[in-house]
file final-v4.cif (mmCIF, C-alpha atoms)
data_input
loop_
_atom_site.label_atom_id
_atom_site.label_comp_id
_atom_site.auth_asym_id
_atom_site.auth_seq_id
_atom_site.Cartn_x
_atom_site.Cartn_y
_atom_site.Cartn_z
CA MET A 1 -49.93 48.29 -126.72
CA ASP A 2 -52.69 50.66 -125.69
CA MET A 3 -55.77 48.63 -126.51
CA ARG A 4 -58.11 51.53 -125.87
CA LYS A 5 -56.37 53.69 -128.46
CA LEU A 6 -56.10 50.80 -130.91
CA VAL A 7 -59.79 49.95 -130.77
CA GLY A 8 -60.79 53.61 -130.74
CA ARG A 9 -58.79 54.37 -133.87
CA ASN A 10 -60.02 51.29 -135.69
CA PHE A 11 -63.58 52.09 -134.78
CA ALA A 12 -63.31 55.71 -135.93
CA ARG A 13 -61.65 54.70 -139.21
CA LEU A 14 -64.21 52.00 -140.02
CA ARG A 15 -67.13 54.22 -139.02
CA GLN A 16 -65.91 57.00 -141.32
CA ALA A 17 -65.28 54.53 -144.14
CA LYS A 18 -68.94 53.56 -143.89
CA ASP A 19 -70.02 57.22 -143.94
CA LEU A 20 -71.75 56.86 -140.60
CA THR A 21 -71.97 59.49 -137.88
CA GLN A 22 -71.46 58.68 -134.20
CA GLU A 23 -75.16 59.46 -133.77
CA GLN A 24 -76.14 56.90 -136.39
CA VAL A 25 -73.97 54.22 -134.79
CA ALA A 26 -75.39 55.13 -131.38
CA GLU A 27 -78.88 54.52 -132.69
CA ARG A 28 -77.94 51.20 -134.26
CA SER A 29 -75.98 49.91 -131.27
CA GLY A 30 -77.95 51.17 -128.32
CA LEU A 31 -74.75 52.76 -126.98
CA SER A 32 -74.74 56.50 -126.36
CA GLN A 33 -73.04 59.01 -128.64
CA GLN A 34 -71.03 60.13 -125.59
CA TYR A 35 -69.75 56.58 -125.13
CA LEU A 36 -68.75 56.34 -128.78
CA SER A 37 -67.00 59.71 -128.62
CA GLY A 38 -64.97 58.55 -125.61
CA LEU A 39 -64.24 55.26 -127.34
CA GLU A 40 -62.83 57.01 -130.41
CA ARG A 41 -60.62 59.13 -128.17
CA GLY A 42 -59.16 56.00 -126.57
CA ARG A 43 -60.83 56.62 -123.22
CA ARG A 44 -63.00 53.48 -123.04
CA ASN A 45 -62.19 49.89 -122.18
CA PRO A 46 -65.05 47.90 -123.73
CA THR A 47 -65.73 44.28 -122.89
CA ILE A 48 -65.63 41.66 -125.63
CA ILE A 49 -69.43 41.64 -125.73
CA THR A 50 -69.51 45.41 -126.31
CA LEU A 51 -66.76 44.98 -128.90
CA TYR A 52 -69.03 42.59 -130.78
CA GLU A 53 -71.97 45.01 -130.57
CA LEU A 54 -69.77 47.83 -131.88
CA ALA A 55 -68.69 45.67 -134.82
CA ARG A 56 -72.26 44.68 -135.61
CA ALA A 57 -73.34 48.31 -135.66
CA LEU A 58 -70.68 48.94 -138.33
CA ASP A 59 -71.39 45.67 -140.14
CA VAL A 60 -67.76 44.56 -139.82
CA SER A 61 -66.08 41.65 -138.06
CA HIS A 62 -65.13 42.28 -134.43
CA VAL A 63 -61.66 41.07 -135.44
CA GLU A 64 -61.21 44.24 -137.50
CA LEU A 65 -61.66 46.36 -134.40
CA VAL A 66 -58.66 44.82 -132.65
CA LEU A 67 -56.24 44.50 -135.57
CA PRO A 68 -52.92 46.27 -134.97
CA PRO A 69 -51.89 48.77 -137.69
CA ASP A 70 -49.32 46.41 -139.20
CA GLU A 71 -51.83 43.59 -139.71
CA LYS A 72 -54.38 45.52 -141.77
CA MET B 1 -71.98 34.89 -131.60
CA ASP B 2 -71.25 34.20 -127.95
CA MET B 3 -68.04 36.12 -127.43
CA ARG B 4 -67.51 34.68 -123.97
CA LYS B 5 -67.52 31.13 -125.29
CA LEU B 6 -65.40 32.06 -128.30
CA VAL B 7 -62.67 33.69 -126.23
CA GLY B 8 -62.86 30.99 -123.58
CA ARG B 9 -62.38 28.22 -126.11
CA ASN B 10 -59.57 30.01 -127.91
CA PHE B 11 -57.83 30.70 -124.63
CA ALA B 12 -58.11 27.09 -123.44
CA ARG B 13 -56.88 25.74 -126.79
CA LEU B 14 -53.89 28.09 -126.97
CA ARG B 15 -52.99 27.53 -123.31
CA GLN B 16 -52.99 23.75 -123.80
CA ALA B 17 -50.99 24.07 -127.01
CA LYS B 18 -48.32 25.86 -124.97
CA ASP B 19 -48.40 23.14 -122.29
CA LEU B 20 -49.31 25.65 -119.63
CA THR B 21 -51.58 25.04 -116.65
CA GLN B 22 -54.18 27.57 -115.53
CA GLU B 23 -52.04 28.06 -112.43
CA GLN B 24 -48.99 28.94 -114.52
CA VAL B 25 -50.97 31.44 -116.59
CA ALA B 26 -52.43 32.90 -113.39
CA GLU B 27 -48.95 33.51 -112.08
CA ARG B 28 -47.79 35.12 -115.32
CA SER B 29 -50.85 37.29 -115.78
CA GLY B 30 -51.71 38.34 -112.26
CA LEU B 31 -55.25 37.04 -112.83
CA SER B 32 -56.56 34.35 -110.49
CA GLN B 33 -56.84 30.69 -111.44
CA GLN B 34 -60.56 30.96 -110.60
CA TYR B 35 -60.92 33.78 -113.12
CA LEU B 36 -59.15 31.74 -115.81
CA SER B 37 -61.31 28.70 -115.06
CA GLY B 38 -64.47 30.78 -115.49
CA LEU B 39 -63.05 32.33 -118.65
CA GLU B 40 -62.43 28.92 -120.21
CA ARG B 41 -66.00 27.91 -119.39
CA GLY B 42 -67.36 30.96 -121.21
CA ARG B 43 -68.53 32.67 -118.05
CA ARG B 44 -66.37 35.81 -118.20
CA ASN B 45 -66.66 38.96 -120.24
CA PRO B 46 -63.14 40.41 -120.22
CA THR B 47 -62.36 43.96 -121.30
CA ILE B 48 -60.00 44.56 -124.19
CA ILE B 49 -57.22 45.43 -121.74
CA THR B 50 -57.67 42.10 -119.94
CA LEU B 51 -57.80 40.38 -123.33
CA TYR B 52 -54.38 41.83 -124.09
CA GLU B 53 -53.00 40.70 -120.71
CA LEU B 54 -54.37 37.19 -121.33
CA ALA B 55 -52.67 37.08 -124.73
CA ARG B 56 -49.38 38.30 -123.30
CA ALA B 57 -49.44 35.60 -120.64
CA LEU B 58 -49.69 33.01 -123.45
CA ASP B 59 -47.21 34.84 -125.68
CA VAL B 60 -49.75 35.05 -128.51
CA SER B 61 -51.41 37.95 -130.30
CA HIS B 62 -54.65 39.19 -128.72
CA VAL B 63 -56.15 38.78 -132.21
CA GLU B 64 -55.85 35.00 -131.85
CA LEU B 65 -58.10 35.08 -128.80
CA VAL B 66 -61.02 36.56 -130.73
CA LEU B 67 -60.71 34.66 -134.02
CA PRO B 68 -63.89 32.78 -134.95
CA PRO B 69 -63.42 29.05 -135.70
CA ASP B 70 -63.67 29.51 -139.46
CA GLU B 71 -60.89 32.10 -139.58
CA LYS B 72 -58.17 30.03 -137.92
#
call {"tool": "encode", "arguments": {"input": "final-v4.cif", "output": "structure tokens"}}
result
Amino acid sequence: MDMRKLVGRNFARLRQAKDLTQEQVAERSGLSQQYLSGLERGRRNPTIITLYELARALDVSHVELVLPPDEK
Amino acid sequence: MDMRKLVGRNFARLRQAKDLTQEQVAERSGLSQQYLSGLERGRRNPTIITLYELARALDVSHVELVLPPDEK
């Protein structure tokens, strides 16, 4: 499993479901919009602490960010 | 939430449930026993790729490693 793609896709899907832009999430999370763009393209390998910060910025559980497609 | 403690506790619990030593998991995962010891004490901040490798070494889903206590 490519964890970077999995988390990137989950993040992009949840962000869009909340009607948030990458810029808005960047502001909430303290992470840069460039980082979030790379994350959504599966190019980032966040730590578990960053994973938690990403989830908080979307107001979702960090567990949702790592769920495989067949467990949603 | 302290993600390092959460993942460390989940990892230790699941490893013990499988009757595996830190040394055995080190051999399976390619991570050092010192790393695993620090992880179980909540002192490590693994990336999502390392999280996946840790889960594979225990033959569990990576989701189990990040589940909060009240979602088990």
call {"tool": "closest_residue", "arguments": {"input": "final-v4.cif", "among": "B:Gly8, B:Met1, B:Pro69, B:Glu27", "to": "Arg43 (chain B)", "atoms": "only C-alpha atoms"}}
result
B:Gly8
call {"tool": "residues_near_point", "arguments": {"input": "final-v4.cif", "point": "(-65.4, 35.6, -122.7)", "cutoff": "12 Å", "atoms": "all atoms listed in the file", "output": "ChimeraX atom specification"}}
result
/A:47-52 /B:1-12,35-48,50-51,54,65-66
call {"tool": "atom_distance", "arguments": {"input": "final-v4.cif", "atom1": "CA of Leu58 (chain B)", "atom2": "CA of Ser29 (chain B)"}}
result
8.9 Å
call {"tool": "atom_distance", "arguments": {"input": "final-v4.cif", "atom1": "CA of Val60 (chain B)", "atom2": "CA of Ala55 (chain A)"}}
result
22.6 Å
call {"tool": "closest_residue", "arguments": {"input": "final-v4.cif", "among": "B:Asp70, B:Leu31, B:Glu23, B:Gln16", "to": "Glu53 (chain B)", "atoms": "all atoms listed in the file"}}
result
B:Leu31
call {"tool": "atom_distance", "arguments": {"input": "final-v4.cif", "atom1": "CA of Ala57 (chain B)", "atom2": "CA of Arg15 (chain B)"}}
result
9.2 Å
call {"tool": "axis_aligned_box", "arguments": {"input": "final-v4.cif", "around": "region 20-38 of chain B", "padding_each_side": "8 Å", "output": "AutoDock Vina command-line options"}}
result
--center_x -56.1 --center_y 31.7 --center_z -115.1 --size_x 32.7 --size_y 29.3 --size_z 25.1
call {"tool": "decode", "arguments": {"input": "final-v4.cif", "residues": "region 2-23 of chain B", "atoms": "N, CA, C and O atoms", "output": "mmCIF file, in the first residue's frame"}}
result
data_model
loop_
_atom_site.group_PDB
_atom_site.id
_atom_site.type_symbol
_atom_site.label_atom_id
_atom_site.label_comp_id
_atom_site.auth_asym_id
_atom_site.auth_seq_id
_atom_site.Cartn_x
_atom_site.Cartn_y
_atom_site.Cartn_z
ATOM 1 N N ASP B 2 -1.710 12.842 22.525
ATOM 2 C CA ASP B 2 -0.295 12.586 22.279
ATOM 3 C C ASP B 2 -0.180 11.379 21.363
ATOM 4 O O ASP B 2 -0.309 10.235 21.786
ATOM 5 N N MET B 3 0.051 11.658 20.093
ATOM 6 C CA MET B 3 0.077 10.577 19.101
ATOM 7 C C MET B 3 1.222 9.609 19.353
ATOM 8 O O MET B 3 1.110 8.412 19.069
ATOM 9 N N ARG B 4 2.335 10.126 19.881
ATOM 10 C CA ARG B 4 3.470 9.229 20.113
ATOM 11 C C ARG B 4 3.132 8.204 21.187
ATOM 12 O O ARG B 4 3.431 7.014 21.041
ATOM 13 N N LYS B 5 2.460 8.655 22.239
ATOM 14 C CA LYS B 5 2.070 7.703 23.291
ATOM 15 C C LYS B 5 0.987 6.745 22.786
ATOM 16 O O LYS B 5 0.998 5.554 23.095
ATOM 17 N N LEU B 6 0.049 7.282 22.037
ATOM 18 C CA LEU B 6 -1.038 6.440 21.510
ATOM 19 C C LEU B 6 -0.482 5.304 20.656
ATOM 20 O O LEU B 6 -0.805 4.120 20.866
ATOM 21 N N VAL B 7 0.361 5.653 19.699
ATOM 22 C CA VAL B 7 0.907 4.629 18.803
ATOM 23 C C VAL B 7 1.837 3.695 19.569
ATOM 24 O O VAL B 7 1.824 2.470 19.356
ATOM 25 N N GLY B 8 2.606 4.232 20.496
ATOM 26 C CA GLY B 8 3.501 3.396 21.281
ATOM 27 C C GLY B 8 2.751 2.361 22.101
ATOM 28 O O GLY B 8 3.126 1.184 22.140
ATOM 29 N N ARG B 9 1.666 2.804 22.726
ATOM 30 C CA ARG B 9 0.879 1.867 23.544
ATOM 31 C C ARG B 9 0.186 0.824 22.678
ATOM 32 O O ARG B 9 0.135 -0.354 23.019
ATOM 33 N N ASN B 10 -0.382 1.259 21.572
ATOM 34 C CA ASN B 10 -1.041 0.302 20.676
ATOM 35 C C ASN B 10 -0.031 -0.723 20.157
ATOM 36 O O ASN B 10 -0.312 -1.920 20.115
ATOM 37 N N PHE B 11 1.125 -0.226 19.777
ATOM 38 C CA PHE B 11 2.149 -1.131 19.243
ATOM 39 C C PHE B 11 2.555 -2.152 20.298
ATOM 40 O O PHE B 11 2.618 -3.350 20.024
ATOM 41 N N ALA B 12 2.832 -1.693 21.516
ATOM 42 C CA ALA B 12 3.265 -2.607 22.578
ATOM 43 C C ALA B 12 2.183 -3.649 22.870
ATOM 44 O O ALA B 12 2.470 -4.843 23.020
ATOM 45 N N ARG B 13 0.932 -3.197 22.939
ATOM 46 C CA ARG B 13 -0.185 -4.103 23.235
ATOM 47 C C ARG B 13 -0.329 -5.166 22.142
ATOM 48 O O ARG B 13 -0.461 -6.368 22.424
ATOM 49 N N LEU B 14 -0.301 -4.738 20.896
ATOM 50 C CA LEU B 14 -0.483 -5.673 19.788
ATOM 51 C C LEU B 14 0.710 -6.626 19.663
ATOM 52 O O LEU B 14 0.549 -7.810 19.379
ATOM 53 N N ARG B 15 1.912 -6.103 19.902
ATOM 54 C CA ARG B 15 3.104 -6.962 19.851
ATOM 55 C C ARG B 15 3.016 -8.054 20.912
ATOM 56 O O ARG B 15 3.272 -9.234 20.637
ATOM 57 N N GLN B 16 2.621 -7.659 22.133
ATOM 58 C CA GLN B 16 2.527 -8.647 23.213
ATOM 59 C C GLN B 16 1.408 -9.652 22.941
ATOM 60 O O GLN B 16 1.541 -10.837 23.242
ATOM 61 N N ALA B 17 0.323 -9.182 22.361
ATOM 62 C CA ALA B 17 -0.790 -10.081 22.037
ATOM 63 C C ALA B 17 -0.369 -11.137 21.019
ATOM 64 O O ALA B 17 -0.936 -12.233 20.967
ATOM 65 N N LYS B 18 0.620 -10.812 20.217
ATOM 66 C CA LYS B 18 1.127 -11.762 19.210
ATOM 67 C C LYS B 18 2.296 -12.587 19.754
ATOM 68 O O LYS B 18 2.921 -13.345 18.999
ATOM 69 N N ASP B 19 2.617 -12.382 21.037
ATOM 70 C CA ASP B 19 3.744 -13.104 21.653
ATOM 71 C C ASP B 19 5.045 -12.887 20.905
ATOM 72 O O ASP B 19 5.822 -13.832 20.701
ATOM 73 N N LEU B 20 5.266 -11.646 20.512
ATOM 74 C CA LEU B 20 6.512 -11.319 19.820
ATOM 75 C C LEU B 20 7.378 -10.448 20.726
ATOM 76 O O LEU B 20 6.854 -9.614 21.471
ATOM 77 N N THR B 21 8.680 -10.652 20.665
ATOM 78 C CA THR B 21 9.608 -9.764 21.382
ATOM 79 C C THR B 21 9.951 -8.574 20.483
ATOM 80 O O THR B 21 9.756 -8.613 19.263
ATOM 81 N N GLN B 22 10.470 -7.519 21.109
ATOM 82 C CA GLN B 22 10.944 -6.377 20.314
ATOM 83 C C GLN B 22 12.017 -6.838 19.327
ATOM 84 O O GLN B 22 12.070 -6.357 18.190
ATOM 85 N N GLU B 23 12.854 -7.763 19.751
ATOM 86 C CA GLU B 23 13.921 -8.253 18.875
ATOM 87 C C GLU B 23 13.338 -8.953 17.642
ATOM 88 O O GLU B 23 13.834 -8.771 16.521
#
